[in-house]
Amino acid sequence: EKKEEEKKKDGEEEEGEENTKEEGDEAGDDAEETEKADVEDAEEEKKSKKKKKQKKYKTIKVMKEQKKVHKEVLKVSTYYTSRAAPYSESTMNESVEKLVELAKQDKIRKELEEAKNQLESKVYSIKNYVSENEEELDAVSTAEQREELVSLASATEDWLYDDGYDAGKEQFVAKLAELNAPAEAMFFRLAELTARPAAVKKCKEKVEKMRALMTKWETTMEQITEEERGDVFEKIEKVEKWLEEKLEAQAKLEKWDDVAFKSSEVPAQTKGLEQLVLRLSKKPKPKPVKNETDANATTTEGGGEGEGAEDLDDEKEGDKEKVEGE
């Protein structure tokens with residue numbers, strides 16, 4: 001009985017193993033079939049996409065519609081229904097000439113008003129300036145000169161509202177020039193009273209810097225020859241001599257006399273000097289001539305001369321900056 005039971009158990013186990021094998025085989029077959037289906041679906045999608053991309057377009061030629069233009073000359077006769085007759089060519093030319101003449105008269109009237117306003121404003125400005133700056137003007141004019149200037153301005157004002165009421169542009173311009181001559185001379189002397197000494201001071205400072213720079217270049221700028229420095233010193237002397245002569249001439253004048261020289265003339269005296277110094281500052285240093293013994297010495301000693309040349313170049317750059325700054 002035990003043996004029979006064991007045989008039954010073995011038979012059942014074998015049947016279970018066979019069933020599991022069959023189920024595994026069936027699952028594997030199903031997986032293969034699904035994989036094949038997925039691959040086929042992907043291929044079909046690719047083919048459909050390619051078909052969409054590879055669409056062919058047909059070109060159809062369309063003939064443009066040709067339009068024919070028909071021209072016909074029409075004859076038009078003009079007629080007028082209003083009472084106002086149209087301008088003839090002679091009437092039109094006459095009207096244009098009148099408009100040009102009116103524009104010309106307007107221009108003359110505007111210029112006349114401008115000349116009159118300029119003269120009137122000049123009269124008031126001179127009176128106010130003299131009364132407000134009488135102490136300052138005393139240094140460049142006498143009391144009689146100031147009184148004469150104010151009297152001239154008052155007489156011009158009276159003329160404006162009397163005889164000059166119907167005057168022309170030329171008369172206003174002449175009166176303005178007559179009033180401007182003594183006034184501008186007096187006011188210019190007052191302005192030069194401070195501007196001229198400032199220009200002279202600046203010129204002297206500049207000349208002294210040039211002289212000190214030439215002295216320094218004797219040791220720091222070996223490429224500048226003694227003759228070139230002599231040219232600079234010569235120009236410096238000319239500038240100083242010009243200044244001395246002009247200052248002496250100015251000192252001899254009375255306070256109401258015209259100035260011996262203007263402040264605007266001073267900077268022009270050093271222009272050529274500045275250009276010469278600037279040109280010399282850019283002069284390159286000559287290359288040193290080396291022989292065989294010097295070359296051997298420089299290689300063994302480590303090039304001591306090169307350091308000295310660099311220092312010299314640095315000093316030269318500093319001198320250039322000074323000149324350009326001036």
# chains A, B, ... in the order shown; residues from 1 in each chain; ligands from 1

$ closest_atom_pairs --of "stretch 59-143 of chain A" --to "stretch 160-175 of chain A" --cutoff "10 Å" --atoms "only C-alpha atoms" --output "tab-separated table"
residue	atom	partner	partner_atom	distance
A:Ile108	CA	A:Lys169	CA	8.4
A:Arg109	CA	A:Lys169	CA	9.0
A:Lys110	CA	A:Lys169	CA	10.0
A:Glu111	CA	A:Lys169	CA	7.1
A:Leu112	CA	A:Lys169	CA	4.9
A:Glu113	CA	A:Lys169	CA	8.2
A:Glu114	CA	A:Lys169	CA	8.8
A:Ala115	CA	A:Phe172	CA	5.9
A:Lys116	CA	A:Phe172	CA	6.0
A:Asn117	CA	A:Phe172	CA	9.3
A:Gln118	CA	A:Phe172	CA	8.7
A:Leu119	CA	A:Phe172	CA	6.7
A:Glu120	CA	A:Leu160	CA	7.7

$ select_by_dssp --residues "stretch 126-303 of chain A" --states "alpha helix (DSSP H)" --output "PyMOL selection string"
chain A and resi 126-132+134-137+143-160+169-220+226-252+266-269+271-281+292-301

$ closest_residue --among "A:Ile224, A:Met92, A:Met186, A:Ala195" --to "A:Asn133" --atoms "only C-alpha atoms"
A:Met186
